[in-house]
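Just model.cif here, mmCIF, C-alpha atoms:
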data_work
#
loop_
_atom_site.label_atom_id
_atom_site.label_comp_id
_atom_site.auth_asym_id
_atom_site.auth_seq_id
_atom_site.Cartn_x
_atom_site.Cartn_y
_atom_site.Cartn_z
CA MET A 197 -14.81 -22.77 11.84
CA TRP A 198 -16.14 -25.27 9.28
CA VAL A 199 -18.79 -22.85 8.09
CA ARG A 200 -16.12 -20.23 7.54
CA LEU A 201 -13.89 -22.76 5.76
CA VAL A 202 -16.68 -23.87 3.41
CA THR A 203 -17.49 -20.23 2.63
CA VAL A 204 -13.89 -19.47 1.72
CA VAL A 205 -13.62 -22.60 -0.47
CA PHE A 206 -16.85 -21.67 -2.27
CA ARG A 207 -15.61 -18.14 -2.90
CA TYR A 208 -12.34 -19.59 -4.22
CA PHE A 209 -14.18 -21.50 -6.92
CA LEU A 210 -16.13 -18.36 -7.86
CA TYR A 211 -12.88 -16.46 -8.19
CA LEU A 212 -11.38 -19.32 -10.21
CA MET A 213 -14.29 -19.15 -12.63
CA VAL A 214 -13.69 -15.44 -13.17
CA ALA A 215 -9.98 -16.02 -13.73
CA LEU A 216 -10.55 -18.81 -16.24
CA THR A 217 -13.17 -16.77 -18.10
CA LEU A 218 -10.85 -13.77 -18.41
CA CYS A 219 -7.89 -15.96 -19.36
CA VAL A 220 -9.63 -18.16 -21.95
CA SER A 221 -11.21 -15.12 -23.60
CA SER A 222 -7.75 -13.78 -24.46
CA MET A 223 -6.58 -17.00 -26.14
CA GLY A 224 -6.70 -17.48 -29.87
CA ASP A 225 -4.81 -18.79 -32.86
CA TYR A 226 -1.06 -18.61 -32.22
CA ARG A 227 1.36 -18.45 -35.13
CA PRO A 228 4.80 -17.21 -34.05
CA SER A 229 6.08 -14.20 -35.98
CA TYR A 230 9.53 -12.60 -36.03
CA VAL A 231 8.53 -10.42 -33.07
CA ASP A 232 7.24 -13.47 -31.18
CA ARG A 233 10.61 -15.13 -31.58
CA VAL A 234 12.46 -12.01 -30.41
CA VAL A 235 10.39 -11.60 -27.24
CA ALA A 236 9.75 -15.31 -26.54
CA PRO A 237 12.29 -15.63 -23.67
CA LEU A 238 10.83 -12.56 -21.94
CA LYS A 239 7.16 -12.91 -22.79
CA TYR A 240 4.64 -12.57 -19.96
CA SER A 241 2.60 -15.71 -19.29
CA PHE A 242 -1.06 -15.34 -18.27
CA ILE A 243 -1.26 -19.05 -17.43
CA LYS A 244 1.81 -18.90 -15.20
CA TRP A 245 0.38 -15.86 -13.42
CA GLU A 246 -2.96 -17.55 -12.74
CA LEU A 247 -1.40 -20.81 -11.56
CA GLY A 248 1.17 -19.05 -9.42
CA HIS A 249 -0.90 -16.29 -7.81
CA LEU A 250 -4.53 -17.30 -7.67
CA SER A 251 -3.64 -20.43 -5.74
CA ASP A 252 -1.15 -18.59 -3.50
CA LYS A 253 -3.72 -15.98 -2.50
CA TRP A 254 -6.33 -18.54 -1.66
CA ILE A 255 -3.97 -20.78 0.30
CA TYR A 256 -3.21 -17.63 2.29
CA ARG A 257 -6.92 -16.97 2.79
CA LEU A 258 -7.63 -20.55 3.83
CA LYS A 259 -4.86 -20.35 6.43
CA ASN A 260 -6.27 -17.10 7.76
CA SER A 261 -9.77 -18.55 7.89
CA VAL A 262 -8.75 -21.68 9.77
CA PHE A 263 -6.10 -20.25 12.07
CA LYS A 264 -7.50 -16.70 12.31
CA ASN A 265 -4.03 -15.41 11.46
CA HIS A 266 -5.10 -11.98 10.35
CA THR A 267 -5.62 -8.48 11.64
CA LYS A 268 -9.02 -8.29 13.36
CA ASP A 269 -9.08 -4.60 14.17
CA ARG A 270 -9.79 -2.36 11.16
CA ASN A 271 -7.74 0.52 12.53
CA SER A 272 -4.75 -1.77 12.93
CA ALA A 273 -5.26 -3.03 9.39
CA LEU A 274 -5.30 0.52 8.04
CA LEU A 275 -2.15 1.35 9.97
CA GLU A 276 -0.50 -1.63 8.29
CA VAL A 277 -1.50 -0.28 4.88
CA ARG A 278 0.03 3.08 5.68
CA GLU A 279 3.18 1.45 7.06
CA TYR A 280 3.50 -0.70 3.92
CA PHE A 281 3.44 2.31 1.61
CA ARG A 282 5.74 4.27 3.91
CA LEU A 283 8.27 1.47 3.47
CA VAL A 284 7.71 1.44 -0.30
CA GLU A 285 8.46 5.15 -0.52
CA ALA A 286 11.45 4.89 1.82
CA LEU A 287 12.95 2.04 -0.19
CA LYS A 288 12.39 3.91 -3.47
CA GLU A 289 14.06 7.01 -2.04
CA ARG A 290 17.07 5.02 -0.81
CA THR A 291 17.46 3.27 -4.15
CA LYS A 292 17.18 6.58 -5.98
CA LEU A 293 19.72 8.19 -3.65
CA ILE A 294 22.32 5.49 -4.13
CA ALA A 295 21.70 4.80 -7.83
CA ASP A 296 21.59 8.41 -9.02
CA ASN A 297 24.83 8.94 -10.93
CA HIS A 298 24.48 12.72 -10.75
CA ILE A 299 24.42 12.99 -6.96
CA GLU A 300 27.46 14.48 -5.29
CA THR A 301 29.20 12.16 -2.84
CA SER A 302 29.64 15.07 -0.42
CA ARG A 303 25.85 15.27 -0.08
CA LEU A 304 25.69 11.76 1.38
CA SER A 305 26.01 11.25 5.10
CA GLY A 306 28.59 8.86 6.47
CA LEU A 307 25.94 6.20 7.03
CA GLU A 308 24.57 6.59 3.51
CA ARG A 309 28.04 6.23 2.00
CA LYS A 310 28.69 3.15 4.08
CA ILE A 311 25.52 1.24 3.18
CA GLY A 312 24.71 0.05 -0.32
CA SER A 313 21.53 -0.81 -2.20
CA ASN A 314 21.84 -4.42 -0.99
CA SER A 315 22.55 -3.52 2.61
CA GLU A 316 20.97 -5.01 5.70
CA VAL A 317 18.70 -1.97 5.93
CA ASP A 318 17.25 -2.68 2.51
CA GLU A 319 16.90 -6.36 3.27
CA LEU A 320 15.01 -5.53 6.45
CA MET A 321 12.66 -3.21 4.54
CA LEU A 322 12.03 -5.88 1.91
CA SER A 323 11.40 -8.45 4.62
CA ASN A 324 8.86 -6.20 6.35
CA LEU A 325 7.15 -5.49 3.03
CA SER A 326 6.90 -9.24 2.38
CA ILE A 327 5.38 -9.84 5.80
CA LEU A 328 2.83 -7.05 5.37
CA ARG A 329 1.93 -7.65 1.73
CA GLY A 330 -0.70 -10.36 2.12
CA ARG A 331 -2.57 -8.52 4.88
CA VAL A 332 -2.33 -5.20 3.00
CA GLU A 333 -3.79 -6.81 -0.13
CA GLU A 334 -6.66 -8.16 1.94
CA THR A 335 -7.31 -4.78 3.55
CA ILE A 336 -7.27 -2.92 0.23
CA GLU A 337 -9.64 -5.50 -1.25
CA THR A 338 -11.99 -5.13 1.71
CA GLU A 339 -11.93 -1.33 1.70
CA LEU A 340 -12.34 -1.11 -2.08
CA SER A 341 -15.24 -3.55 -1.91
CA GLU A 342 -16.95 -1.36 0.67
CA VAL A 343 -16.49 1.73 -1.51
CA LEU A 344 -17.93 -0.09 -4.54
CA LYS A 345 -20.90 -1.27 -2.48
CA SER A 346 -21.49 2.26 -1.22
CA LEU A 347 -21.64 3.32 -4.87
CA GLN A 348 -24.25 0.59 -5.42
CA LEU A 349 -22.14 -1.23 -7.99
CA ASN A 350 -22.93 -4.59 -6.45
CA SER A 351 -25.71 -6.88 -7.68
CA ARG A 352 -28.30 -8.89 -5.78
CA LEU A 353 -25.74 -11.68 -5.49
CA GLY A 354 -23.15 -9.34 -4.04
CA LEU A 355 -20.14 -7.58 -5.54
CA TRP A 356 -19.26 -9.14 -8.88
CA PRO A 357 -16.58 -9.74 -9.86
CA PRO A 358 -15.04 -9.89 -6.39
CA VAL A 359 -12.11 -7.56 -5.82
CA ASP A 360 -8.84 -9.49 -5.98
CA ILE A 361 -5.39 -7.90 -6.29
CA VAL A 362 -1.74 -8.84 -5.96
CA LEU A 363 0.92 -6.25 -5.16
CA SER A 364 3.75 -7.43 -7.34
CA GLY A 365 6.16 -6.47 -10.06
CA ALA A 366 3.97 -5.37 -12.96
CA PRO A 367 4.88 -6.55 -16.47
CA HIS A 368 6.20 -4.30 -19.21
CA ILE A 369 4.47 -3.78 -22.54
CA LEU A 370 6.07 -3.83 -25.97
CA VAL A 371 4.24 -1.40 -28.26
CA ILE A 372 4.68 -1.42 -32.03
CA SER A 373 3.46 1.49 -34.15
CA SER A 374 4.01 2.56 -37.75
CA ARG A 375 6.65 5.23 -38.28
CA ASP A 376 4.58 7.16 -40.79
CA GLU A 377 1.54 7.48 -38.52
CA ILE A 378 0.60 7.05 -34.88
CA ASN A 379 -1.23 3.76 -34.52
CA ILE A 380 -0.90 0.54 -32.53
CA LYS A 381 0.02 -2.31 -34.84
CA ASN A 382 0.65 -4.80 -32.04
CA THR A 383 1.43 -5.13 -28.34
CA PHE A 384 3.12 -7.82 -26.26
CA LEU A 385 3.27 -8.12 -22.48
CA LEU A 386 6.79 -8.81 -21.22
CA SER A 387 7.95 -10.21 -17.90
CA TYR A 388 8.66 -7.88 -14.99
CA GLY A 389 12.13 -6.65 -14.21
CA LEU A 390 13.60 -5.79 -17.60
CA THR A 391 16.75 -3.71 -17.40
CA PRO A 392 17.22 -0.60 -19.56
CA ALA A 393 19.68 -2.62 -21.65
CA GLN A 394 17.11 -5.37 -22.24
CA LYS A 395 14.46 -2.82 -23.19
CA SER A 396 16.84 -1.19 -25.66
CA TYR A 397 17.83 -4.57 -27.13
CA ILE A 398 14.19 -5.55 -27.75
CA GLU A 399 13.43 -2.14 -29.26
CA GLU A 400 16.49 -2.40 -31.50
CA GLN A 401 15.68 -5.92 -32.70
CA VAL A 402 11.98 -5.29 -33.34
CA GLY A 403 12.84 -1.94 -34.89
CA LEU A 404 14.73 -3.78 -37.64
CA LEU A 405 11.35 -4.40 -39.22
CA ASP A 406 10.56 -1.86 -41.92
CA ASN A 407 8.58 1.23 -40.91
CA HIS A 408 8.24 0.26 -37.24
CA SER A 409 8.37 2.52 -34.20
CA VAL A 410 8.94 0.48 -31.04
CA LEU A 411 8.71 1.15 -27.31
CA VAL A 412 9.01 -1.00 -24.18
CA GLU A 413 7.00 0.78 -21.48
CA ASP A 414 6.33 0.09 -17.80
CA LEU A 415 2.82 -0.66 -16.58
CA GLY A 416 1.13 0.24 -13.30
CA GLY A 417 -1.26 -2.70 -13.42
CA VAL A 418 -2.85 -5.36 -15.58
CA ALA A 419 -6.43 -6.66 -15.41
CA VAL A 420 -5.55 -10.33 -15.18
CA TYR A 421 -7.28 -12.11 -12.31
CA PRO A 422 -6.25 -11.42 -9.65
CA SER A 423 -5.17 -8.00 -10.90
CA VAL A 424 -1.47 -7.34 -10.77
CA ILE A 425 -0.74 -3.93 -9.25
CA SER A 426 2.79 -2.58 -9.35
CA ASN A 427 4.47 -2.75 -5.96
CA LYS A 428 6.42 0.42 -6.72
CA LEU A 429 3.45 2.80 -6.72
CA SER A 430 2.56 5.33 -4.06
CA MET A 431 -0.51 4.58 -1.96
CA LYS A 432 -2.80 6.90 -3.89
CA SER A 433 -1.62 5.60 -7.28
CA CYS A 434 -1.96 2.01 -6.10
CA LEU A 435 -5.54 2.52 -4.94
CA THR A 436 -6.46 4.26 -8.19
CA VAL A 437 -4.93 1.49 -10.30
CA ALA A 438 -6.70 -1.16 -8.20
CA ALA A 439 -10.02 0.57 -8.91
CA HIS A 440 -9.13 0.96 -12.60
CA GLU A 441 -8.35 -2.74 -13.04
CA TRP A 442 -11.47 -3.85 -11.16
CA LEU A 443 -13.54 -1.69 -13.51
CA HIS A 444 -12.09 -3.63 -16.44
CA HIS A 445 -13.24 -6.83 -14.72
CA TRP A 446 -16.69 -5.35 -14.16
CA LEU A 447 -16.94 -4.06 -17.74
CA PHE A 448 -15.92 -7.48 -19.08
CA PHE A 449 -19.44 -8.66 -18.24
CA LYS A 450 -21.03 -5.62 -19.92
CA PRO A 451 -21.51 -4.76 -23.63
CA LEU A 452 -18.82 -2.04 -23.45
CA GLY A 453 -16.15 -4.36 -22.10
CA GLN A 454 -17.10 -7.17 -24.44
CA SER A 455 -16.51 -4.77 -27.35
CA PHE A 456 -13.04 -3.78 -26.13
CA TRP A 457 -11.24 -5.17 -29.18
CA THR A 458 -13.84 -4.46 -31.88
CA SER A 459 -12.26 -1.12 -32.85
CA HIS A 460 -9.59 1.34 -31.78
CA GLU A 461 -12.30 3.75 -30.60
CA MET A 462 -13.86 1.10 -28.36
CA THR A 463 -10.46 0.30 -26.84
CA VAL A 464 -9.94 4.00 -26.09
CA LEU A 465 -13.48 4.31 -24.73
CA ASN A 466 -12.98 1.36 -22.37
CA GLU A 467 -9.64 2.63 -21.08
CA THR A 468 -10.94 6.16 -20.66
CA VAL A 469 -14.03 5.04 -18.74
CA ALA A 470 -11.83 2.96 -16.43
CA THR A 471 -9.51 5.94 -16.00
CA VAL A 472 -12.19 8.54 -15.24
CA ALA A 473 -14.21 6.29 -12.92
CA GLY A 474 -11.07 4.71 -11.45
CA GLU A 475 -9.71 8.09 -10.40
CA GLU A 476 -13.00 8.97 -8.74
CA ILE A 477 -13.20 5.65 -6.90
CA GLY A 478 -9.50 5.80 -6.02
CA GLU A 479 -10.01 9.21 -4.44
CA LEU A 480 -12.89 7.88 -2.33
CA LEU A 481 -10.81 4.88 -1.30
CA TYR A 482 -7.82 7.01 -0.41
CA ASP A 483 -9.98 9.31 1.73
CA ARG A 484 -11.58 6.30 3.41
CA ILE A 485 -8.20 4.92 4.44
CA ASN A 486 -6.60 8.23 5.37
CA HIS A 487 -9.43 10.46 6.55
CA ASP A 488 -8.32 10.51 10.18
CA VAL A 489 -4.55 10.53 9.80
CA GLU A 490 -2.87 13.88 10.37
CA GLU A 491 0.56 12.49 9.43
CA ASP A 492 -0.59 11.62 5.92
CA VAL A 493 -1.99 15.12 5.53
CA ARG A 494 1.39 16.58 6.44
CA LEU A 495 3.15 14.21 4.05
CA SER A 496 0.72 15.19 1.30
CA ILE A 497 1.37 18.89 1.88
CA GLN A 498 5.12 18.26 1.93
CA SER A 499 4.89 16.36 -1.37
CA GLU A 500 3.02 19.25 -2.97
CA GLU A 501 5.66 21.69 -1.77
CA GLU A 502 8.46 19.53 -3.17
CA SER A 503 6.78 19.41 -6.55
CA SER A 504 6.22 23.17 -6.69
CA ASP A 505 9.34 23.56 -8.83
CA ARG A 506 7.50 21.85 -11.66
CA GLU A 507 4.61 24.29 -11.62
CA SER A 508 6.43 26.73 -13.88
CA PHE A 509 6.53 24.07 -16.62
CA ASP A 510 3.12 23.09 -18.04
CA PHE A 511 3.65 19.43 -18.91
CA PHE A 512 0.13 18.84 -20.21
CA ASN A 513 0.14 21.71 -22.69
CA ALA A 514 3.73 20.99 -23.73
CA MET A 515 2.90 17.35 -24.46
CA GLN A 516 -0.30 18.31 -26.28
CA GLU A 517 1.70 20.73 -28.42
CA THR A 518 4.21 17.97 -29.12
CA ARG A 519 1.53 15.49 -30.15
CA LYS A 520 -0.12 17.99 -32.51
CA HIS A 521 3.12 19.03 -34.19
CA VAL A 522 4.22 15.40 -34.63
CA SER A 523 0.88 14.57 -36.25
CA VAL A 524 1.33 17.50 -38.68
CA LEU A 525 4.86 16.41 -39.61
CA LEU A 526 3.83 12.80 -40.13
CA GLY A 527 0.85 13.93 -42.17
CA GLU A 528 3.27 15.77 -44.44
CA GLY A 529 5.39 12.62 -44.76
CA ASP A 530 8.38 14.13 -42.91
CA ILE A 531 9.16 11.15 -40.66
CA GLU A 532 12.81 12.02 -39.94
CA GLU A 533 11.91 15.58 -38.90
CA ALA A 534 9.13 14.28 -36.64
CA GLU A 535 11.51 11.84 -34.93
CA TYR A 536 14.19 14.51 -34.50
CA TYR A 537 11.58 16.84 -33.01
CA MET A 538 10.40 14.14 -30.57
CA ASP A 539 13.99 13.54 -29.42
CA GLN A 540 14.37 17.24 -28.70
CA ARG A 541 11.08 17.42 -26.83
CA ALA A 542 11.97 14.36 -24.74
CA ALA A 543 15.14 16.15 -23.65
CA LEU A 544 13.04 19.20 -22.74
CA PHE A 545 10.70 17.11 -20.58
CA ARG A 546 13.63 15.47 -18.81
CA GLU A 547 15.22 18.85 -18.13
CA ASN A 548 12.01 19.90 -16.40
CA GLY A 549 11.77 16.81 -14.19
CA TYR A 550 9.57 14.57 -16.34
CA TYR A 551 11.57 11.47 -17.17
CA ILE A 552 10.59 10.04 -20.54
CA ARG A 553 13.02 7.35 -21.66
CA LYS A 554 11.90 7.40 -25.29
CA LEU A 555 9.39 9.65 -27.05
CA ASN A 556 8.31 8.27 -30.40
CA GLN A 557 5.27 7.23 -32.43
CA ALA A 558 4.81 4.12 -30.28
CA TYR A 559 4.78 6.29 -27.12
CA PHE A 560 1.91 8.37 -28.46
CA ALA A 561 0.12 5.30 -29.81
CA PHE A 562 0.16 3.62 -26.39
CA HIS A 563 -0.49 6.57 -24.11
CA GLY A 564 -3.02 7.94 -26.56
CA ILE A 565 -5.49 5.14 -25.76
CA TYR A 566 -6.02 6.87 -22.39
CA ALA A 567 -7.93 9.81 -23.85
CA THR A 568 -7.66 12.09 -20.82
CA THR A 569 -3.84 12.12 -20.96
CA ALA A 570 -1.66 14.78 -22.58
CA ALA A 571 -0.41 12.24 -25.15
CA SER A 572 -3.88 11.77 -26.65
CA ASP A 573 -5.61 13.74 -29.38
CA SER A 574 -8.84 11.76 -29.14
CA PRO A 575 -12.17 13.54 -28.49
CA ILE A 576 -13.26 10.56 -26.38
CA GLY A 577 -11.73 12.02 -23.21
CA GLU A 578 -13.92 15.11 -23.34
CA GLN A 579 -16.94 13.03 -24.37
CA VAL A 580 -16.57 10.71 -21.39
CA LYS A 581 -16.03 13.59 -18.97
CA PHE A 582 -19.08 15.36 -20.43
CA LEU A 583 -21.26 12.29 -19.86
CA ARG A 584 -19.99 12.03 -16.29
CA SER A 585 -20.93 15.68 -15.70
CA GLU A 586 -24.43 14.98 -17.03
CA THR A 587 -25.05 12.07 -14.65
CA SER A 588 -25.99 12.48 -11.02
CA SER A 589 -23.85 9.66 -9.68
CA LEU A 590 -20.96 7.40 -10.60
CA GLN A 591 -23.36 4.46 -10.58
CA GLU A 592 -25.62 6.16 -13.14
CA PHE A 593 -22.60 7.05 -15.28
CA LEU A 594 -21.24 3.50 -15.31
CA ARG A 595 -24.64 1.86 -15.83
CA SER A 596 -25.24 4.17 -18.78
CA ILE A 597 -21.91 4.00 -20.54
CA SER A 598 -21.37 0.27 -20.00
CA GLY A 599 -24.32 -0.51 -22.27
CA PHE A 600 -22.74 0.80 -25.50
CA ARG A 601 -21.55 -1.79 -28.01
CA ASP A 602 -20.05 0.57 -30.60
CA TYR A 603 -18.56 4.03 -30.68
CA GLU A 604 -21.06 5.49 -33.14
CA GLU A 605 -23.90 4.61 -30.80
CA PHE A 606 -22.06 6.36 -27.98
CA VAL A 607 -21.47 9.51 -30.06
CA ILE A 608 -25.12 9.70 -31.06
CA TYR A 609 -26.13 9.51 -27.42
CA ILE A 610 -23.64 12.24 -26.42
CA GLU A 611 -24.91 14.52 -29.18
CA SER A 612 -28.49 13.99 -28.00
CA LEU A 613 -27.52 15.42 -24.60
CA ASN A 614 -26.20 18.70 -26.05
#
Translate this structure into structure tokens?
Amino acid sequence: MWVRLVTVVFRYFLYLMVALTLCVSSMGDYRPSYVDRVVAPLKYSFIKWELGHLSDKWIYRLKNSVFKNHTKDRNSALLEVREYFRLVEALKERTKLIADNHIETSRLSGLERKIGSNSEVDELMLSNLSILRGRVEETIETELSEVLKSLQLNSRLGLWPPVDIVLSGAPHILVISSRDEINIKNTFLLSYGLTPAQKSYIEEQVGLLDNHSVLVEDLGGVAVYPSVISNKLSMKSCLTVAAHEWLHHWLFFKPLGQSFWTSHEMTVLNETVATVAGEEIGELLYDRINHDVEEDVRLSIQSEEESSDRESFDFFNAMQETRKHVSVLLGEGDIEEAEYYMDQRAALFRENGYYIRKLNQAYFAFHGIYATTAASDSPIGEQVKFLRSETSSLQEFLRSISGFRDYEEFVIYIESLN
């Protein structure tokens, strides 16, 4: 027992070093601006996150190590993961059913009309999720670590940085762009749980600044340490985001990650690498957890059938068309026409089942940093995917691309492969 306890304590200090390194690196000169004062009551605190969650996770791990209060059987652990996400989806569906203002009361069963969003059923689901959460985090960390090791992304000293996640409410992000062009002027992380009214208030207040386009957007995860992963995601999305955020941790110790903020292109390159590789790793992780579960296969097929109605509407091409036309209008200096056009297109997307609360310059500025998305017009997405196709393994791809310190160097290398 003592050997196990000492091992866990030693690993805790290693994790603490990673957290402090990532946290201190993001600190700099702080001079409050008008926007800082507007968002101050709702601003996300990295320090509070580290103090509140890193210690909690490791107290949990110490208890498990000493009292062996954890799932020993891997199959049982994987069943818990699947049960956790089944509850997440069930709770989301219930909340959607009750909160949807457009639903006809006649469509609800007697039981559904009787119970509310704060009913005993919901409380029981939330209680079960709380009980399962710690063990599910541990299982995902273990399974993801094994996938990363199988891809030979570990060093001689083991997997570094260690995988560490928390399933929690993910923060929101305030994005500020110019109105006359699509660019990120500034971003602020905001605390989890903002209501639509709070989002609109912040957007309205910050939008008072001249020539600003503003958006408060939800996030699926943030690469603090441990990574925060939204507890509202489906299993597959959660696993992909967990891989994505770990890749940011891994890249932090590489030239590519250390150049994240040196230019817009390097920010896009970092995010796109984490997206492309994260999706590949997430797929492997999802298959590893679900490979022998017929029920999940049936659920997956059912989900595809339910989404078949969307197939007639090509979201990707429609959004690409929107981005291109907006860029043309802004280039011609017709800001009002561009904003009117974006409002109309947002309504079109919503009509076809793609809920976009606000489509503006800030939306494209934020989503555009992920160069494989429909909101981006960057060539980096195709460049990264081309490099991946030219490498024989994910390990080779990541080892190669992580060594670039500037975008020009990366482009020269890509052109040499053609």
_I need the residue nearest Tyr603 (chain A) from this list: A:Leu452, A:Met538, A:Val231, A:Leu525. Use all atoms listed in the file for the distance._
A:Leu452
*asked:* Considering all atoms listed in the file, can you say which of A:Ala514, A:Leu447, A:Ala438, A:Leu320 comes closest to Ile597 (chain A)?
replied: A:Leu447
*Extract, using all atoms listed in the file, all DNA, RNA and protein residues at most 9 Å from region 571-585 of chain A, discarding same-chain residues fewer than 2 positions from it, and format them as a PyMOL selection string.*
chain A and resi 461+464-465+468-469+472-473+512+515-516+518-520+559-569+587-590+592-594+597+607+610+613
_Show me the residues close to (0.7, -11.9, -15.2) - anything with an atom within 12 Å, counting all atoms listed in the file - and format the list as a PyMOL selection string._
chain A and resi 215+219+239-250+361-369+385-388+415+417-426
*d(CA of Glu517 (chain A), CA of Asn407 (chain A)) in Å*: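 Interatomic distance here is 24.2 Å.
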*Result set of the PyMOL selection byres ((chain A and resi 397-406) around 9) on the coordinates above, as an MDAnalysis selection string*: chainID A and resid 230:231 234:235 370 372 374:375 392:396 407:412
Using C-alpha atoms, can you write the selected residues to a file as a PDB file, in the frame of the given file?
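Final output, again36.pdb:
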ATOM      1  CA  TYR A 230       9.530 -12.600 -36.030  1.00  0.00           C
ATOM      2  CA  VAL A 231       8.530 -10.420 -33.070  1.00  0.00           C
ATOM      3  CA  VAL A 234      12.460 -12.010 -30.410  1.00  0.00           C
ATOM      4  CA  VAL A 235      10.390 -11.600 -27.240  1.00  0.00           C
ATOM      5  CA  LEU A 370       6.070  -3.830 -25.970  1.00  0.00           C
ATOM      6  CA  ILE A 372       4.680  -1.420 -32.030  1.00  0.00           C
ATOM      7  CA  SER A 374       4.010   2.560 -37.750  1.00  0.00           C
ATOM      8  CA  ARG A 375       6.650   5.230 -38.280  1.00  0.00           C
ATOM      9  CA  PRO A 392      17.220  -0.600 -19.560  1.00  0.00           C
ATOM     10  CA  ALA A 393      19.680  -2.620 -21.650  1.00  0.00           C
ATOM     11  CA  GLN A 394      17.110  -5.370 -22.240  1.00  0.00           C
ATOM     12  CA  LYS A 395      14.460  -2.820 -23.190  1.00  0.00           C
ATOM     13  CA  SER A 396      16.840  -1.190 -25.660  1.00  0.00           C
ATOM     14  CA  ASN A 407       8.580   1.230 -40.910  1.00  0.00           C
ATOM     15  CA  HIS A 408       8.240   0.260 -37.240  1.00  0.00           C
ATOM     16  CA  SER A 409       8.370   2.520 -34.200  1.00  0.00           C
ATOM     17  CA  VAL A 410       8.940   0.480 -31.040  1.00  0.00           C
ATOM     18  CA  LEU A 411       8.710   1.150 -27.310  1.00  0.00           C
ATOM     19  CA  VAL A 412       9.010  -1.000 -24.180  1.00  0.00           C
TER      20      VAL A 412
END
